[in-house]
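Okay, run.cif now, which holds mmCIF, C-alpha atoms:
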```
data_model
loop_
_atom_site.label_atom_id
_atom_site.label_comp_id
_atom_site.auth_asym_id
_atom_site.auth_seq_id
_atom_site.Cartn_x
_atom_site.Cartn_y
_atom_site.Cartn_z
CA MET A 1 73.34 26.62 10.48
CA THR A 2 73.04 24.18 13.39
CA VAL A 3 73.73 25.85 16.73
CA CYS A 4 74.42 23.66 19.76
CA LEU A 5 74.88 24.58 23.40
CA HIS A 6 77.98 23.19 25.09
CA THR A 7 79.15 24.10 28.57
CA TRP A 8 82.83 24.61 29.16
CA GLY A 9 82.66 21.62 31.47
CA GLU A 10 81.57 19.48 28.51
CA ARG A 11 83.81 21.12 25.91
CA PRO A 12 86.74 22.88 27.62
CA ASP A 13 88.33 23.40 24.22
CA LEU A 14 85.63 25.97 23.39
CA ALA A 15 86.61 28.23 26.28
CA GLU A 16 89.41 29.81 24.26
CA ARG A 17 87.44 30.11 21.03
CA GLY A 18 84.72 32.57 21.96
CA PRO A 19 84.41 36.24 21.00
CA ALA A 20 87.36 38.40 22.01
CA SER A 21 86.39 40.59 24.96
CA ALA A 22 87.95 43.64 23.31
CA ALA A 23 85.61 43.17 20.33
CA VAL A 24 82.52 43.06 22.54
CA TRP A 25 83.11 45.48 25.41
CA PRO A 26 84.44 49.05 25.62
CA GLU A 27 88.07 49.15 26.74
CA TYR A 28 87.24 50.67 30.11
CA ASN A 29 84.92 47.73 30.90
CA LEU A 30 87.95 45.42 30.90
CA HIS A 31 89.45 47.10 34.00
CA ALA A 32 86.84 46.73 36.72
CA ASP A 33 88.08 46.67 40.30
CA VAL A 34 85.96 43.99 42.01
CA PHE A 35 84.56 42.24 38.96
CA ASP A 36 87.98 41.50 37.50
CA HIS A 37 89.14 40.02 40.82
CA TRP A 38 86.34 37.42 40.79
CA TRP A 39 86.04 36.82 37.05
CA ASP A 40 88.80 34.22 36.68
CA PRO A 41 87.54 32.22 39.69
CA LEU A 42 84.05 32.21 38.15
CA VAL A 43 85.08 30.86 34.76
CA ASN A 44 87.80 28.53 36.08
CA GLU A 45 85.98 27.07 39.08
CA LEU A 46 82.49 26.88 37.59
CA PRO A 47 82.98 25.70 33.98
CA GLU A 48 79.59 23.99 34.07
CA TYR A 49 77.99 27.44 34.32
CA GLN A 50 79.76 28.89 31.25
CA PHE A 51 78.55 27.89 27.81
CA ALA A 52 79.09 28.46 24.12
CA LEU A 53 76.70 28.56 21.21
CA TYR A 54 78.61 26.49 18.69
CA ASP A 55 78.01 26.12 14.97
CA ASP A 56 79.11 22.54 14.47
CA ALA A 57 78.94 22.72 10.67
CA ALA A 58 81.30 25.72 10.51
CA ASP A 59 83.26 24.66 13.62
CA VAL A 60 82.99 28.12 15.14
CA VAL A 61 81.84 29.60 18.45
CA LEU A 62 79.22 32.24 17.68
CA ALA A 63 78.46 33.43 21.20
CA GLU A 64 79.02 32.59 24.83
CA ALA A 65 77.38 33.26 28.17
CA HIS A 66 78.76 33.44 31.68
CA THR A 67 76.60 32.64 34.68
CA GLY A 68 76.83 31.46 38.27
CA PRO A 69 74.65 30.06 41.05
CA LEU A 70 73.08 32.20 43.76
CA THR A 71 70.89 31.64 46.77
CA TRP A 72 68.03 34.13 46.70
CA SER A 73 64.83 34.43 48.72
CA GLY A 74 62.77 35.76 45.82
CA ASP A 75 62.36 39.15 47.52
CA ASP A 76 63.68 41.96 45.31
CA ARG A 77 64.90 43.80 48.40
CA SER A 78 67.37 40.99 49.09
CA LEU A 79 68.98 40.99 45.64
CA PRO A 80 72.71 41.88 45.70
CA ASP A 81 73.60 45.56 45.39
CA GLY A 82 75.11 45.09 41.95
CA ILE A 83 77.01 42.84 39.59
CA ASP A 84 80.20 43.16 41.67
CA ALA A 85 78.44 41.84 44.77
CA ALA A 86 76.57 39.13 42.86
CA LEU A 87 79.74 37.77 41.26
CA GLU A 88 81.55 37.57 44.58
CA LEU A 89 78.55 35.86 46.20
CA ALA A 90 78.36 33.28 43.41
CA VAL A 91 82.01 32.29 43.73
CA ARG A 92 82.08 32.34 47.53
CA GLY A 93 78.82 30.38 47.70
CA HIS A 94 80.15 27.73 45.33
CA ARG A 95 83.35 27.39 47.35
CA ALA A 96 81.33 27.02 50.55
CA GLY A 97 79.05 24.41 48.99
CA SER A 98 75.95 26.56 49.54
CA ALA A 99 72.68 25.27 48.15
CA ALA A 100 71.74 27.51 45.22
CA ASP A 101 68.30 28.06 43.74
CA THR A 102 68.91 30.87 41.24
CA LEU A 103 70.99 31.29 38.10
CA CYS A 104 72.62 34.71 37.78
CA ALA A 105 73.64 35.91 34.33
CA PHE A 106 76.90 37.87 34.33
CA ALA A 107 77.73 38.33 30.65
CA ALA A 108 76.40 37.53 27.20
CA GLU A 109 78.85 37.92 24.34
CA VAL A 110 78.03 37.58 20.65
CA ASP A 111 80.79 37.57 18.05
CA PRO A 112 80.50 40.84 16.06
CA ASP A 113 80.46 38.85 12.81
CA ALA A 114 77.47 36.82 14.03
CA ARG A 115 75.23 39.65 15.16
CA ARG A 116 71.72 40.09 13.75
CA ARG A 117 71.16 36.32 13.81
CA GLY A 118 68.99 36.31 16.91
CA LEU A 119 71.75 34.85 19.05
CA ALA A 120 71.05 37.15 22.01
CA ALA A 121 67.66 35.49 22.41
CA GLU A 122 69.30 32.08 21.99
CA LEU A 123 71.75 32.94 24.77
CA LEU A 124 68.87 33.74 27.12
CA GLY A 125 67.18 30.53 26.07
CA GLY A 126 70.41 28.69 26.78
CA MET A 127 70.44 30.16 30.27
CA ARG A 128 66.99 28.69 30.88
CA GLU A 129 68.23 25.31 29.68
CA LEU A 130 71.31 25.56 31.90
CA ALA A 131 69.21 26.52 34.93
CA ARG A 132 67.04 23.44 34.40
CA ARG A 133 70.12 21.22 34.09
CA GLN A 134 71.41 22.57 37.40
CA GLY A 135 68.04 22.18 39.14
CA LEU A 136 67.64 25.93 39.69
CA GLN A 137 64.23 27.54 39.81
CA ARG A 138 64.75 31.02 38.41
CA ILE A 139 67.06 33.35 36.48
CA VAL A 140 68.13 36.88 37.40
CA ALA A 141 70.36 39.25 35.48
CA PRO A 142 72.07 42.52 36.45
CA VAL A 143 71.51 43.88 32.95
CA ARG A 144 73.77 46.46 31.33
CA PRO A 145 71.25 48.57 29.38
CA SER A 146 72.56 48.81 25.84
CA TRP A 147 71.20 52.30 25.07
CA LYS A 148 72.04 53.90 28.41
CA GLU A 149 75.23 55.21 26.80
CA ARG A 150 72.99 57.53 24.75
CA TYR A 151 71.66 59.07 27.97
CA PRO A 152 74.61 59.13 30.40
CA LEU A 153 73.17 61.97 32.50
CA ALA A 154 69.78 60.34 33.04
CA PRO A 155 69.51 58.59 36.42
CA ILE A 156 69.25 54.83 35.96
CA GLU A 157 66.16 54.87 38.18
CA ARG A 158 64.34 56.91 35.51
CA TYR A 159 65.95 55.36 32.46
CA ILE A 160 64.65 51.87 33.25
CA THR A 161 61.08 53.18 33.26
CA TRP A 162 61.21 54.67 29.75
CA ARG A 163 58.98 53.00 27.19
CA ARG A 164 58.23 53.44 23.51
CA ALA A 165 54.88 54.55 22.12
CA ASP A 166 53.90 50.86 21.73
CA GLY A 167 54.40 50.31 25.45
CA GLN A 168 57.59 48.24 25.14
CA LEU A 169 60.73 49.17 27.01
CA LEU A 170 62.93 51.70 25.22
CA ASP A 171 66.17 49.85 25.91
CA PRO A 172 66.69 46.97 23.40
CA TRP A 173 68.48 44.58 25.77
CA MET A 174 66.01 45.16 28.57
CA ARG A 175 63.20 44.82 26.02
CA LEU A 176 64.42 41.40 24.92
CA HIS A 177 64.51 40.20 28.52
CA GLU A 178 60.96 41.48 29.02
CA ARG A 179 59.73 39.81 25.83
CA LEU A 180 61.01 36.54 27.24
CA GLY A 181 58.99 37.05 30.41
CA ALA A 182 61.36 38.98 32.69
CA ARG A 183 60.26 41.95 34.76
CA VAL A 184 62.16 45.08 35.71
CA ALA A 185 63.09 44.76 39.38
CA THR A 186 65.68 47.04 40.98
CA ALA A 187 67.82 49.89 39.64
CA LEU A 188 71.52 49.52 40.43
CA PRO A 189 73.22 52.93 40.24
CA SER A 190 76.48 51.58 41.71
CA SER A 191 76.69 48.12 40.20
CA MET A 192 80.28 47.88 38.92
CA LEU A 193 83.23 49.94 40.13
CA ILE A 194 85.96 50.89 37.67
CA SER A 195 88.71 53.14 39.02
CA GLY A 196 92.15 54.02 37.79
CA SER A 197 94.69 56.78 37.49
CA VAL A 198 93.85 59.76 35.33
CA GLY A 199 96.40 58.57 32.77
CA GLU A 200 94.86 55.10 32.65
CA TRP A 201 91.41 56.50 32.03
CA GLU A 202 92.73 58.85 29.34
CA THR A 203 94.16 55.79 27.58
CA TRP A 204 90.95 53.76 27.98
CA ILE A 205 88.65 56.45 26.59
CA GLY A 206 91.02 58.12 24.15
CA PHE A 207 90.95 61.77 25.18
CA PRO A 208 92.48 64.04 27.87
CA LEU A 209 90.89 64.82 31.22
CA PRO A 210 92.49 68.21 31.90
CA GLU A 211 90.91 69.10 35.24
CA SER A 212 88.96 67.67 38.13
CA GLY A 213 85.24 67.24 37.62
CA ALA A 214 82.61 65.02 36.02
CA TYR A 215 82.91 63.89 32.40
CA VAL A 216 80.70 62.02 29.97
CA PHE A 217 82.70 59.81 27.64
CA PRO A 218 82.16 57.50 24.65
CA ARG A 219 80.08 54.40 25.54
CA GLY A 220 79.93 55.39 29.20
CA LEU A 221 76.60 54.78 30.90
CA ALA A 222 77.15 57.44 33.57
CA PRO A 223 79.63 60.27 34.21
CA LEU A 224 83.25 59.66 35.19
CA THR A 225 84.45 61.51 38.29
CA VAL A 226 88.01 62.85 37.99
CA ASP A 227 90.28 63.99 40.81
CA ARG A 228 93.42 65.39 39.19
CA GLU A 229 95.09 66.20 42.49
CA GLY A 230 94.62 62.69 43.78
CA ASP A 231 95.33 61.17 40.34
CA LEU A 232 92.16 59.11 40.54
CA ALA A 233 89.22 58.70 38.18
CA THR A 234 86.18 56.73 39.36
CA TYR A 235 83.22 55.36 37.46
CA TRP A 236 80.25 53.44 38.78
CA GLU A 237 78.51 51.57 36.00
CA PRO A 238 74.73 51.38 36.50
CA ASN A 239 72.74 48.21 35.83
CA VAL A 240 69.22 46.97 36.49
CA TRP A 241 68.03 43.69 37.94
CA MET A 242 65.77 41.80 35.53
CA VAL A 243 63.97 38.84 37.14
CA HIS A 244 62.73 36.02 34.97
CA PRO A 245 59.72 33.91 35.97
CA ASP A 246 60.22 30.72 37.92
CA LEU A 247 61.01 27.76 35.70
CA PRO A 248 58.34 25.07 35.31
#
```
File written out as structure tokens:
Amino acid sequence: MTVCLHTWGERPDLAERGPASAAVWPEYNLHADVFDHWWDPLVNELPEYQFALYDDAADVVLAEAHTGPLTWSGDDRSLPDGIDAALELAVRGHRAGSAADTLCAFAAEVDPDARRRGLAAELLGGMRELARRQGLQRIVAPVRPSWKERYPLAPIERYITWRRADGQLLDPWMRLHERLGARVATALPSSMLISGSVGEWETWIGFPLPESGAYVFPRGLAPLTVDREGDLATYWEPNVWMVHPDLP
């Protein structure tokens, strides 16, 4: 298998051939308030920052990554408050012609049929290559911890400190970032807002929400807050900033 990296700017035909979002993400993740508003501008206005891992022999897209440019001082305290804020800053900064120095990773998607081939690591390697192409000096990622759904009641501030007996991070996705040189920076308890009516949330998660209160739900990283009287259910997805070392 020969895997090549092509940006959507180079191969716009690959933009429609990547993994289906519904096959990668939980249903509720496809209905974010702020993120969804800025997602189309990101992928449509910055095609040179979106790329596919393409198997040219099989003529198939195995994985894709979505990134954008940011201006960042290098001080963790000045990182955006979450993925919602980072996405908006990337698009607004691009539109304003701001000088960027940092690549921000927004999503990494591997086709379910191509998992266990080490493509997640190749996606992160592709981000390094893309950052170099764009003349950027570092990579940051508001990571969605893949095992946080197993511990929805644990505060993200504690979860990101958990390590295995061998000293490596407990979370597999965070662990891969760390193996590639990244460090754990800042916990983001309110990174992505997803709100909807009670009925919408019942459809997204597949079970009833009979009264107001807090609920854990399948694949949720934190509890869902339900207000039956106001017909509103609100979820803040937690993330964590991982900061990769400056590029040579």
Could you list the residues chosen by the PyMOL selection byres ((chain A and resi 51) around 7) in this structure as a ChimeraX atom specification? /A:5-8,49-50,52-53,64-66
For a test of reading the model, state the distance in Å between CA of Ala99 (chain A) and CA of Ala131 (chain A), rounded to one decimal. 13.7 Å
Counting all atoms listed in the file, what are the residues of region 205-241 of chain A within 9 Å of region 77-84 of chain A, and for each of them which pair of atoms is the nearest and at what distance in Å, to one decimal? Sort the table by chain and rising number, as CSV.
```
residue,atom,partner,partner_atom,distance
A:Pro238,CA,A:Gly82,CA,8.3
A:Asn239,CA,A:Gly82,CA,7.3
A:Val240,CA,A:Gly82,CA,8.2
A:Trp241,CA,A:Leu79,CA,8.2
```
Starting from the PyMOL selection byres ((chain A and resi 157) around 10), expand the selection into actual residues of this file and give them as a list in words. Ala154, Pro155, Ile156, Arg158, Tyr159, Ile160, Thr161, Trp162, Thr186, Ala187, Leu188, Pro189, Pro238, Asn239 and Val240 of chain A
Pull out every residue that the PyMOL selection byres ((chain A and resi 164-177) around 10) matches in the shown coordinates and put them as a PyMOL selection string. chain A and resi 120-121+124+141+143-148+159-163+178-184+240-244
So the first atom is CA of Asn44 (chain A) and the second is CA of Thr67 (chain A); what is the distance between them in Å, to one decimal place? 12.0 Å
In Å to one decimal, how far is CA of Ala63 (chain A) from CA of Gln137 (chain A)?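 So the answer is 24.2 Å.
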Distance criterion (all atoms listed in the file): nearest to Val24 (chain A) out of A:Gly206, A:Glu129, A:Arg219, A:Asp56: A:Arg219
So, with only C-alpha atoms as the atoms that count, which of A:Arg117, A:Arg128, A:Arg17, A:His31 lies closest to Trp201 (chain A)? A:His31
Of the candidates A:Gly230, A:Gly196, A:Pro19, A:Pro152, which shows the shortest atom-to-atom distance to Glu211 (chain A), using all atoms listed in the file? A:Gly230
Show which residues sit within 12 Å of Asp113 (chain A), as number ranges by chain. Count all atoms listed in the file, and ignore same-chain residues fewer than 2 positions away. A: 18-20, 23-24, 60-63, 109-111, 115-117, 119
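Nearest residue to Pro142 (chain A) among A:Glu27, A:Glu237, A:Asp40, A:Glu202 is A:Glu237, counting all atoms listed in the file.
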Would you mind listing what lies within 9 Å of region 45-47 of chain A as a PDB file with C-alpha atoms, in the coordinates of the input, with only C-alpha atoms counted and same-chain residues fewer than 6 positions away left out?
```pdb
ATOM      1  CA  THR A   7      79.150  24.100  28.570  1.00  0.00           C
ATOM      2  CA  TRP A   8      82.830  24.610  29.160  1.00  0.00           C
ATOM      3  CA  GLY A   9      82.660  21.620  31.470  1.00  0.00           C
ATOM      4  CA  GLU A  10      81.570  19.480  28.510  1.00  0.00           C
ATOM      5  CA  PRO A  12      86.740  22.880  27.620  1.00  0.00           C
ATOM      6  CA  ALA A  15      86.610  28.230  26.280  1.00  0.00           C
ATOM      7  CA  THR A  67      76.600  32.640  34.680  1.00  0.00           C
ATOM      8  CA  GLY A  68      76.830  31.460  38.270  1.00  0.00           C
ATOM      9  CA  VAL A  91      82.010  32.290  43.730  1.00  0.00           C
ATOM     10  CA  HIS A  94      80.150  27.730  45.330  1.00  0.00           C
ATOM     11  CA  ARG A  95      83.350  27.390  47.350  1.00  0.00           C
TER      12      ARG A  95
END
```
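Using only C-alpha atoms, the nearest neighbour of Glu149 (chain A) within the list A:Gly74, A:Pro41, A:Pro218, A:Pro248 is A:Pro218.
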For Pro112 (chain A), the nearest of the candidates A:Phe217, A:Trp25, A:Ala85, A:Leu136, counting all atoms listed in the file: A:Trp25
I want to know what sits within 8 Å of Ser195 (chain A), based on only C-alpha atoms, with residues of the same chain fewer than 5 positions away left out; could you give that as an MDAnalysis selection string? chainID A and resid 31:33 232:235
